[in-house]
$ cat entry_39.tsv   # TSV, C-alpha atoms
chain	number	residue	atom	x	y	z
A	293	MET	CA	-10.76	25.00	7.70
A	294	LEU	CA	-12.14	22.58	10.25
A	295	SER	CA	-13.35	24.05	13.49
A	296	SER	CA	-11.60	22.79	16.62
A	297	THR	CA	-15.01	21.89	18.04
A	298	THR	CA	-16.29	20.14	14.94
A	299	ALA	CA	-15.32	16.55	14.25
A	300	PRO	CA	-15.15	15.20	10.71
A	301	LEU	CA	-17.92	12.90	9.59
A	302	LEU	CA	-15.35	10.19	8.84
A	303	PRO	CA	-13.57	8.33	11.64
A	304	THR	CA	-9.88	8.86	12.19
A	305	LEU	CA	-7.31	6.51	10.68
A	306	GLU	CA	-7.21	4.38	13.84
A	307	ALA	CA	-10.99	3.97	13.83
A	308	GLN	CA	-11.41	3.11	10.15
A	309	LYS	CA	-13.24	-0.19	9.90
A	310	ILE	CA	-14.24	-2.36	7.01
A	311	ASN	CA	-17.45	-1.34	5.26
A	312	HIS	CA	-19.26	-4.46	4.11
A	313	PHE	CA	-21.51	-3.94	1.12
A	314	HIS	CA	-21.21	-7.14	-0.88
A	315	CYS	CA	-19.32	-10.35	-0.22
A	316	GLY	CA	-18.38	-12.82	-2.91
A	317	ARG	CA	-15.37	-14.14	-4.71
A	318	GLU	CA	-15.67	-11.63	-7.56
A	319	THR	CA	-16.29	-8.50	-5.49
A	320	PHE	CA	-13.84	-5.69	-4.75
A	321	ILE	CA	-12.31	-4.33	-1.59
A	322	ILE	CA	-10.15	-1.20	-1.43
A	323	VAL	CA	-7.17	-1.66	0.89
A	324	VAL	CA	-4.75	0.90	2.33
A	325	VAL	CA	-1.81	-0.37	4.41
A	326	VAL	CA	-0.08	1.93	6.91
A	327	GLU	CA	2.84	1.20	9.22
A	328	ASN	CA	1.40	3.01	12.24
A	329	SER	CA	-0.88	5.90	13.20
A	330	ARG	CA	1.74	8.64	13.15
A	331	ASN	CA	0.73	11.66	11.06
A	332	SER	CA	-2.66	10.07	10.42
A	333	GLU	CA	-4.27	13.51	10.08
A	334	GLU	CA	-2.27	14.03	6.89
A	335	TYR	CA	-4.14	11.18	5.23
A	336	GLU	CA	-7.69	11.90	6.38
A	337	PHE	CA	-8.59	14.00	3.37
A	338	ALA	CA	-7.40	11.37	0.88
A	339	LEU	CA	-8.92	8.51	2.87
A	340	GLY	CA	-12.15	10.47	3.08
A	341	SER	CA	-12.41	10.62	-0.70
A	342	ILE	CA	-11.79	6.87	-0.92
A	343	SER	CA	-14.45	6.15	1.69
A	344	CYS	CA	-16.87	8.41	-0.16
A	345	TYR	CA	-16.14	6.55	-3.40
A	346	ALA	CA	-16.52	3.14	-1.73
A	347	ASN	CA	-19.90	4.12	-0.32
A	348	LEU	CA	-21.03	5.50	-3.66
A	349	GLN	CA	-20.05	2.40	-5.63
A	350	GLY	CA	-20.81	-0.23	-3.00
A	351	TYR	CA	-17.24	-1.43	-2.42
A	352	ALA	CA	-15.71	-2.47	0.87
A	353	MET	CA	-12.79	-0.52	2.28
A	354	GLN	CA	-10.14	-1.47	4.83
A	355	VAL	CA	-7.25	0.46	6.35
A	356	LEU	CA	-4.69	-2.02	7.70
A	357	ASN	CA	-2.57	-0.53	10.46
A	358	LEU	CA	0.29	-3.01	10.89
A	359	ALA	CA	1.10	-1.63	14.34
A	360	GLU	CA	-2.32	-2.90	15.42
A	361	GLU	CA	-2.24	-6.17	13.47
A	362	PRO	CA	0.24	-8.46	15.29
A	363	SER	CA	-0.73	-11.52	13.25
A	364	LEU	CA	0.05	-9.73	9.97
A	365	ALA	CA	3.28	-8.36	11.42
A	366	GLN	CA	4.31	-11.90	12.36
A	367	LYS	CA	3.48	-13.32	8.92
A	368	CYS	CA	5.22	-10.44	7.16
A	369	PRO	CA	8.63	-9.89	8.80
A	370	GLN	CA	10.18	-7.86	5.96
A	371	LYS	CA	12.29	-5.05	7.42
A	372	ASP	CA	11.38	-2.53	4.73
A	373	PHE	CA	7.76	-1.46	5.21
A	374	MET	CA	7.40	-0.60	1.53
A	375	PHE	CA	7.88	-4.29	0.75
A	376	ARG	CA	6.09	-5.59	3.85
A	377	ARG	CA	2.84	-3.87	2.92
A	378	HIS	CA	2.43	-6.07	-0.17
A	379	CYS	CA	2.83	-9.17	1.99
A	380	ALA	CA	0.23	-7.79	4.40
A	381	LEU	CA	-2.22	-7.27	1.55
A	382	ALA	CA	-1.66	-10.83	0.32
A	383	GLU	CA	-2.25	-12.31	3.77
A	384	PHE	CA	-5.34	-10.19	4.37
A	385	LEU	CA	-6.85	-10.94	0.99
A	386	ALA	CA	-6.17	-14.69	1.25
A	387	ALA	CA	-8.23	-14.81	4.46
A	388	SER	CA	-11.10	-12.80	2.97
A	389	GLN	CA	-14.00	-13.58	0.68
A	390	TYR	CA	-13.17	-10.85	-1.80
A	391	GLY	CA	-12.21	-11.67	-5.35
A	392	TRP	CA	-10.23	-8.50	-6.06
A	393	ALA	CA	-8.43	-5.75	-4.16
A	394	LEU	CA	-7.50	-2.24	-5.18
A	395	PHE	CA	-4.33	-1.34	-3.25
A	396	LEU	CA	-3.74	2.36	-2.63
A	397	ASP	CA	-1.12	4.46	-0.89
A	398	ALA	CA	-2.59	6.36	2.05
A	399	ASP	CA	-2.06	9.72	0.32
A	400	ILE	CA	-4.02	8.82	-2.82
A	401	GLY	CA	-7.56	10.06	-3.31
A	402	VAL	CA	-10.25	9.68	-5.96
A	403	VAL	CA	-10.61	12.13	-8.85
A	404	ASN	CA	-13.63	10.62	-10.61
A	405	PRO	CA	-15.97	8.58	-8.40
A	406	LEU	CA	-18.04	7.45	-11.40
A	407	HIS	CA	-15.46	4.93	-12.62
A	408	ARG	CA	-16.10	1.28	-11.76
A	409	LEU	CA	-13.13	-0.91	-10.81
A	410	GLU	CA	-14.57	-3.77	-12.83
A	411	ASN	CA	-13.80	-1.78	-15.98
A	412	TYR	CA	-10.12	-2.60	-15.44
A	413	THR	CA	-10.53	-6.36	-14.94
A	414	LEU	CA	-12.35	-7.56	-18.02
A	415	THR	CA	-10.45	-10.76	-18.84
A	416	GLU	CA	-10.85	-14.04	-16.99
A	417	ASP	CA	-7.16	-14.95	-16.84
A	418	LEU	CA	-6.02	-11.53	-15.54
A	419	HIS	CA	-4.42	-11.49	-12.08
A	420	LEU	CA	-2.76	-8.06	-11.75
A	421	VAL	CA	-3.30	-4.58	-13.15
A	422	PHE	CA	-0.63	-1.87	-13.01
A	423	TYR	CA	-0.06	1.47	-14.72
A	424	ASN	CA	2.97	3.40	-15.90
A	425	ARG	CA	3.78	6.77	-14.40
A	426	PHE	CA	3.19	9.67	-16.76
A	427	TYR	CA	6.71	11.13	-16.52
A	428	ASN	CA	9.08	8.17	-16.80
A	429	ASP	CA	9.37	4.42	-17.46
A	430	GLU	CA	8.35	3.35	-13.97
A	431	VAL	CA	5.52	0.97	-13.17
A	432	ALA	CA	3.82	2.59	-10.17
A	433	SER	CA	3.78	0.51	-7.00
A	434	GLY	CA	1.50	2.73	-4.93
A	435	SER	CA	-1.74	1.70	-6.61
A	436	TYR	CA	-2.61	-1.53	-8.38
A	437	ILE	CA	-5.32	-4.16	-8.64
A	438	VAL	CA	-4.73	-7.78	-7.62
A	439	ARG	CA	-6.95	-10.81	-7.93
A	440	ASN	CA	-7.43	-13.15	-4.99
A	441	THR	CA	-5.86	-16.13	-6.73
A	442	GLN	CA	-2.79	-18.22	-6.08
A	443	ARG	CA	-1.05	-16.50	-8.98
A	444	GLY	CA	-1.95	-12.98	-7.86
A	445	LEU	CA	-1.12	-13.47	-4.19
A	446	GLY	CA	2.01	-15.40	-5.09
A	447	PHE	CA	3.22	-12.35	-7.00
A	448	LEU	CA	2.72	-10.13	-3.94
A	449	HIS	CA	4.74	-12.47	-1.73
A	450	PHE	CA	7.43	-12.76	-4.40
A	451	TRP	CA	7.59	-8.96	-4.58
A	452	ALA	CA	7.62	-8.54	-0.79
A	453	ASN	CA	10.64	-10.85	-0.45
A	454	TYR	CA	12.55	-9.42	-3.41
A	455	TYR	CA	14.66	-7.04	-1.37
A	456	GLN	CA	16.47	-9.90	0.37
A	457	GLU	CA	18.37	-10.78	-2.80
A	458	HIS	CA	18.08	-7.39	-4.52
A	459	PRO	CA	18.91	-4.68	-1.92
A	460	TYR	CA	19.21	-1.97	-4.55
A	461	PHE	CA	18.16	1.65	-4.84
A	462	GLY	CA	14.47	2.54	-5.16
A	463	THR	CA	12.80	0.20	-2.64
A	464	ASP	CA	9.60	-1.51	-3.89
A	465	ASN	CA	9.08	0.93	-6.76
A	466	GLY	CA	12.59	0.31	-7.96
A	467	ALA	CA	12.02	-3.43	-7.79
A	468	ILE	CA	8.61	-3.68	-9.47
A	469	ASN	CA	9.82	-3.69	-13.10
A	470	ASN	CA	12.29	-6.46	-12.34
A	471	VAL	CA	9.74	-8.41	-10.31
A	472	ILE	CA	7.25	-8.45	-13.20
A	473	VAL	CA	9.85	-9.81	-15.61
A	474	ASP	CA	11.28	-12.27	-13.07
A	475	TYR	CA	7.86	-13.64	-12.05
A	476	PHE	CA	5.96	-13.69	-15.33
A	477	HIS	CA	8.80	-14.06	-17.86
A	478	PRO	CA	11.49	-16.38	-16.45
A	479	GLU	CA	12.45	-17.27	-20.02
A	480	LEU	CA	13.86	-13.73	-20.39
A	481	TYR	CA	16.46	-14.30	-17.68
A	482	GLU	CA	19.46	-13.24	-19.78
A	483	SER	CA	17.82	-10.00	-20.90
A	484	ARG	CA	16.72	-9.25	-17.35
A	485	GLN	CA	20.28	-9.73	-16.11
A	486	VAL	CA	21.52	-7.01	-18.46
A	487	CYS	CA	19.02	-4.48	-17.11
A	488	GLU	CA	19.43	-5.70	-13.54
A	489	ALA	CA	23.14	-4.88	-13.69
A	490	ILE	CA	22.21	-1.24	-14.29
A	491	TRP	CA	19.87	-1.35	-11.29
A	492	ALA	CA	22.52	-2.94	-9.05
A	493	ALA	CA	24.92	-0.11	-9.90
A	494	SER	CA	22.33	2.62	-9.31
A	495	LYS	CA	22.97	5.02	-6.46
A	496	ASN	CA	20.41	7.68	-7.36
A	497	TYR	CA	17.32	8.34	-9.48
A	498	GLU	CA	19.36	8.84	-12.64
A	499	GLY	CA	20.68	5.29	-12.48
A	500	LEU	CA	17.26	3.98	-11.47
A	501	PHE	CA	15.64	5.64	-14.49
A	502	ASN	CA	18.24	4.07	-16.79
A	503	TYR	CA	17.38	0.65	-15.41
A	504	GLN	CA	13.62	1.20	-15.66
A	505	ALA	CA	13.93	2.42	-19.24
A	506	CYS	CA	15.99	-0.67	-20.05
A	507	VAL	CA	13.28	-3.00	-18.73
A	508	GLN	CA	10.38	-1.12	-20.29
A	509	GLU	CA	11.83	-0.48	-23.72
A	510	TYR	CA	13.79	-3.66	-24.32
A	511	ILE	CA	11.87	-6.32	-22.40
A	512	LEU	CA	8.30	-5.39	-21.44
A	513	SER	CA	7.70	-3.75	-24.81
A	514	VAL	CA	8.01	-7.14	-26.52
A	515	ALA	CA	7.03	-9.54	-23.71
A	516	THR	CA	3.38	-10.53	-23.73
A	517	SER	CA	1.21	-12.11	-21.05
A	518	THR	CA	-2.50	-12.35	-20.35
A	519	GLU	CA	-1.86	-12.73	-16.60
A	520	TYR	CA	-1.12	-9.05	-16.00
A	521	HIS	CA	-1.76	-5.73	-17.69
A	522	ILE	CA	0.16	-2.45	-17.50
A	523	TYR	CA	-1.90	0.54	-18.55
A	524	GLU	CA	0.12	2.94	-20.65
A	525	LYS	CA	0.32	6.67	-20.10
A	526	ARG	CA	-1.65	8.70	-22.59
A	527	PRO	CA	0.30	10.50	-25.31
A	528	GLU	CA	0.77	14.14	-24.33
A	529	ASP	CA	-1.10	15.37	-27.39
A	530	GLU	CA	-4.20	13.23	-26.83
A	531	PHE	CA	-6.12	14.72	-23.94
A	532	SER	CA	-9.45	15.49	-25.56
A	533	VAL	CA	-11.36	12.21	-25.77
A	534	ASN	CA	-11.00	8.95	-23.89
A	535	ALA	CA	-12.90	5.70	-23.58
A	536	VAL	CA	-15.21	6.84	-20.78
A	537	GLY	CA	-15.55	10.59	-21.18
A	538	VAL	CA	-13.84	13.86	-21.96
A	539	ALA	CA	-10.70	15.25	-20.34
A	540	ASP	CA	-9.14	18.55	-21.36
A	541	GLN	CA	-5.63	19.95	-20.99
A	542	GLU	CA	-6.60	21.95	-17.89
A	543	GLU	CA	-7.75	18.78	-16.11
A	544	GLU	CA	-4.56	16.98	-17.08
A	545	ASP	CA	-2.41	19.84	-15.78
A	546	ALA	CA	-4.29	19.81	-12.46
A	547	LEU	CA	-3.75	16.04	-12.23
A	548	ASN	CA	-0.04	16.35	-12.81
A	549	GLU	CA	0.22	19.01	-10.11
A	550	THR	CA	-1.70	17.09	-7.43
A	551	GLN	CA	-1.15	13.41	-8.04
A	552	ASP	CA	2.37	12.85	-6.81
A	553	SER	CA	4.19	13.24	-3.50
A	554	PRO	CA	7.36	15.35	-3.02
A	555	MET	CA	9.41	12.18	-3.62
A	556	ASP	CA	7.58	11.64	-6.91
A	557	ASN	CA	8.25	15.26	-7.88
A	558	GLU	CA	11.94	14.71	-7.15
A	559	ARG	CA	11.84	11.69	-9.43
A	560	ALA	CA	10.20	13.79	-12.13
A	561	ASN	CA	12.84	16.51	-11.87
A	562	HIS	CA	15.62	13.96	-12.15
A	563	HIS	CA	13.85	12.42	-15.12
A	564	ARG	CA	13.54	15.73	-16.99
A	565	GLU	CA	17.24	16.44	-16.53
A	566	HIS	CA	18.18	12.96	-17.63
A	567	LEU	CA	15.77	12.38	-20.50
A	568	THR	CA	17.99	13.73	-23.27
A	569	THR	CA	20.95	11.50	-22.41
A	570	ARG	CA	19.49	8.21	-21.25
A	571	GLU	CA	19.41	6.53	-24.67
A	572	ALA	CA	23.20	6.63	-24.92
A	573	THR	CA	23.60	4.83	-21.57
A	574	ILE	CA	21.12	1.98	-21.99
A	575	PRO	CA	22.66	-1.14	-23.54
A	576	GLU	CA	20.84	-3.00	-26.23
A	577	VAL	CA	19.20	-6.13	-24.90
A	578	ALA	CA	18.97	-9.26	-26.99
A	579	THR	CA	15.21	-9.51	-27.40
A	580	PRO	CA	13.49	-10.21	-30.72
A	581	SER	CA	11.84	-7.42	-32.66
A	582	PRO	CA	8.08	-7.81	-32.32
A	583	SER	CA	5.83	-8.41	-35.26
A	584	PRO	CA	2.36	-6.84	-35.28
A	585	SER	CA	0.87	-10.14	-34.15
A	586	ASP	CA	3.26	-10.28	-31.19
A	587	LEU	CA	2.34	-6.87	-29.80
A	588	PRO	CA	0.00	-6.77	-26.79
A	589	GLN	CA	-3.60	-6.51	-27.87
A	590	ASN	CA	-5.43	-3.96	-25.75
A	591	ASP	CA	-9.17	-4.60	-25.84
A	592	THR	CA	-10.01	-2.59	-22.77
A	593	LEU	CA	-8.50	0.78	-23.55
A	594	THR	CA	-7.15	2.81	-26.42
A	595	ALA	CA	-3.91	4.76	-26.50
A	596	SER	CA	-5.77	7.88	-25.45
A	597	SER	CA	-7.98	6.36	-22.75
A	598	PRO	CA	-7.30	6.98	-19.04
A	599	ALA	CA	-4.96	4.70	-17.15
A	600	LEU	CA	-5.64	3.56	-13.64
A	601	GLY	CA	-3.32	6.32	-12.48
A	602	HIS	CA	-5.64	8.95	-13.94
A	603	PHE	CA	-8.47	7.40	-11.95
A	604	ILE	CA	-6.71	7.83	-8.62
A	605	CYS	CA	-6.00	11.41	-7.59
A	606	ALA	CA	-7.73	14.06	-5.39
A	607	CYS	CA	-11.55	14.13	-5.34
A	608	ILE	CA	-12.48	17.71	-4.49
A	609	ALA	CA	-16.20	17.52	-5.26
A	610	CYS	CA	-16.61	14.37	-3.21
A	611	ALA	CA	-14.32	15.31	-0.35
A	612	PHE	CA	-16.04	18.62	0.41
A	613	ASN	CA	-19.04	16.61	1.56
A	614	LEU	CA	-16.95	14.63	4.04
A	615	PHE	CA	-16.40	17.39	6.58
A	616	ARG	CA	-18.53	19.88	8.42
A	617	LEU	CA	-16.86	23.18	7.53

$ encode --input "entry_39.tsv" --output "structure tokens"
Amino acid sequence: MLSSTTAPLLPTLEAQKINHFHCGRETFIIVVVVENSRNSEEYEFALGSISCYANLQGYAMQVLNLAEEPSLAQKCPQKDFMFRRHCALAEFLAASQYGWALFLDADIGVVNPLHRLENYTLTEDLHLVFYNRFYNDEVASGSYIVRNTQRGLGFLHFWANYYQEHPYFGTDNGAINNVIVDYFHPELYESRQVCEAIWAASKNYEGLFNYQACVQEYILSVATSTEYHIYEKRPEDEFSVNAVGVADQEEEDALNETQDSPMDNERANHHREHLTTREATIPEVATPSPSPSDLPQNDTLTASSPALGHFICACIACAFNLFRL
């Protein structure tokens, strides 16, 4: 426990400033966007692990407090903060000299500080990197990598404005599956409309999961693009060896217990209850059956290697060095 007379080595959320290590069009910056400074103490531990990681690896880090950034607030007028934050990232990155940004929710920390972000951006025509949650068919919106290109930033603006015409359940995380298909695969409009109808009718997580399963299993499973990549969850029976090291079942269990917020846990509980019946409620979408040559070719990770989501969790070993106990 922190002593009341001992201040943490890291600055508070309000005082977080950018740490410049390298500048260049192909370098990384880690960005966290918050709406204001309320409850900032709840994020200090997670932000501390990110700052520790950034210092270790030589990355820049920036916490954007929109309450203290009037220019960003003016450029990003979206009423829902969960959408507005993606606009804020796009505007910030466009005005910077950084080639890539890792976007993180404020409550996400680092589990393995030895991973390099460049390991997830190995192809020249890649603009966005996402990962699937481990417990359902949802592309996570709370952590992703975006390239500072017209295509990458255009996606963020497209996503930020999506709620205006799609005011459905699930906020930005509900929208992300549809946004990917809408932005990168306009030719699949008719198939998207079938799944979107499920989303429009959703009033709770059960309906949202039906919609997300529809998009993942009947559209994204056969749609291919080199402009974005979605890292798959690892099969539950393949925990032993991955592309960069060893992870055992105990580590995986700890990850599953600490990675997600109470809202994510609620999603997981709804998913477990719904899993056995969802297949009967998802309509078949008219998309062609893929041939082996049509399937996405994954040169950067195997089925059992860690997704970006397994990279971002709570860094106990690192974080203990951040405070004077």

$ closest_residue --input "entry_39.tsv" --among "A:Leu445, A:Leu348, A:Ala505, A:Val402" --to "Leu420 of chain A" --atoms "only C-alpha atoms"
A:Leu445

$ atom_distance --input "entry_39.tsv" --atom1 "atom CA of Glu479 of chain A" --atom2 "atom CA of Ala515 of chain A"
10.1 Å

$ closest_residue --input "entry_39.tsv" --among "A:Phe461, A:Phe476, A:Tyr455, A:Tyr481" --to "Lys495 of chain A" --atoms "only C-alpha atoms"
A:Phe461

$ closest_residue --input "entry_39.tsv" --among "A:Glu410, A:Glu383, A:Glu327, A:Asp429" --to "Tyr510 of chain A" --atoms "all atoms listed in the file"
A:Asp429

$ atom_distance --input "entry_39.tsv" --atom1 "atom CA of Asn411 of chain A" --atom2 "atom CA of Ile437 of chain A"
11.5 Å

$ residues_around --input "entry_39.tsv" --residues "Val421 of chain A" --least-positions-apart "5" --cutoff "7 Å" --atoms "only C-alpha atoms" --output "PyMOL selection string"
chain A and resi 436-438+520-522

$ residues_around --input "entry_39.tsv" --residues "Phe375 of chain A" --least-positions-apart "6" --cutoff "8 Å" --atoms "only C-alpha atoms" --output "number ranges by chain"
A: 451-453, 455, 463-464

$ closest_residue --input "entry_39.tsv" --among "A:Phe501, A:Leu480, A:Tyr351, A:Leu512" --to "Asn428 of chain A" --atoms "only C-alpha atoms"
A:Phe501

$ residues_around --input "entry_39.tsv" --residues "segment 362-368 of chain A" --least-positions-apart "4" --cutoff "7 Å" --atoms "all atoms listed in the file" --output "MDAnalysis selection string"
chainID A and resid 358 376 379:380

$ atom_distance --input "entry_39.tsv" --atom1 "atom CA of Glu482 of chain A" --atom2 "atom CA of Phe426 of chain A"
28.3 Å

$ residues_around --input "entry_39.tsv" --residues "Glu519 of chain A" --least-positions-apart "4" --cutoff "6 Å" --atoms "all atoms listed in the file" --output "PyMOL selection string"
chain A and resi 417-419

$ closest_residue --input "entry_39.tsv" --among "A:Val326, A:Gly340, A:Lys371, A:Leu406" --to "Ala359 of chain A" --atoms "only C-alpha atoms"
A:Val326

$ axis_aligned_box --input "entry_39.tsv" --around "segment 423-438 of chain A" --padding-each-side "8 Å" --output "AutoDock Vina command-line options"
--center_x 2.0 --center_y 1.7 --center_z -11.2 --size_x 30.7 --size_y 34.9 --size_z 28.5

$ residues_around --input "entry_39.tsv" --residues "Gly462 of chain A" --least-positions-apart "6" --cutoff "9 Å" --atoms "all atoms listed in the file" --output "list in words"
Ser494, Lys495, Asn496, Tyr497 and Leu500 of chain A

$ write_last_selection --input "entry_39.tsv" --atoms "C-alpha atoms" --output "tab-separated table (two decimals), in the frame of the given file"
chain	number	residue	atom	x	y	z
A	494	SER	CA	22.33	2.62	-9.31
A	495	LYS	CA	22.97	5.02	-6.46
A	496	ASN	CA	20.41	7.68	-7.36
A	497	TYR	CA	17.32	8.34	-9.48
A	500	LEU	CA	17.26	3.98	-11.47

$ closest_residue --input "entry_39.tsv" --among "A:Ala346, A:Val355, A:Ile511, A:Ala387" --to "Arg408 of chain A" --atoms "all atoms listed in the file"
A:Ala346
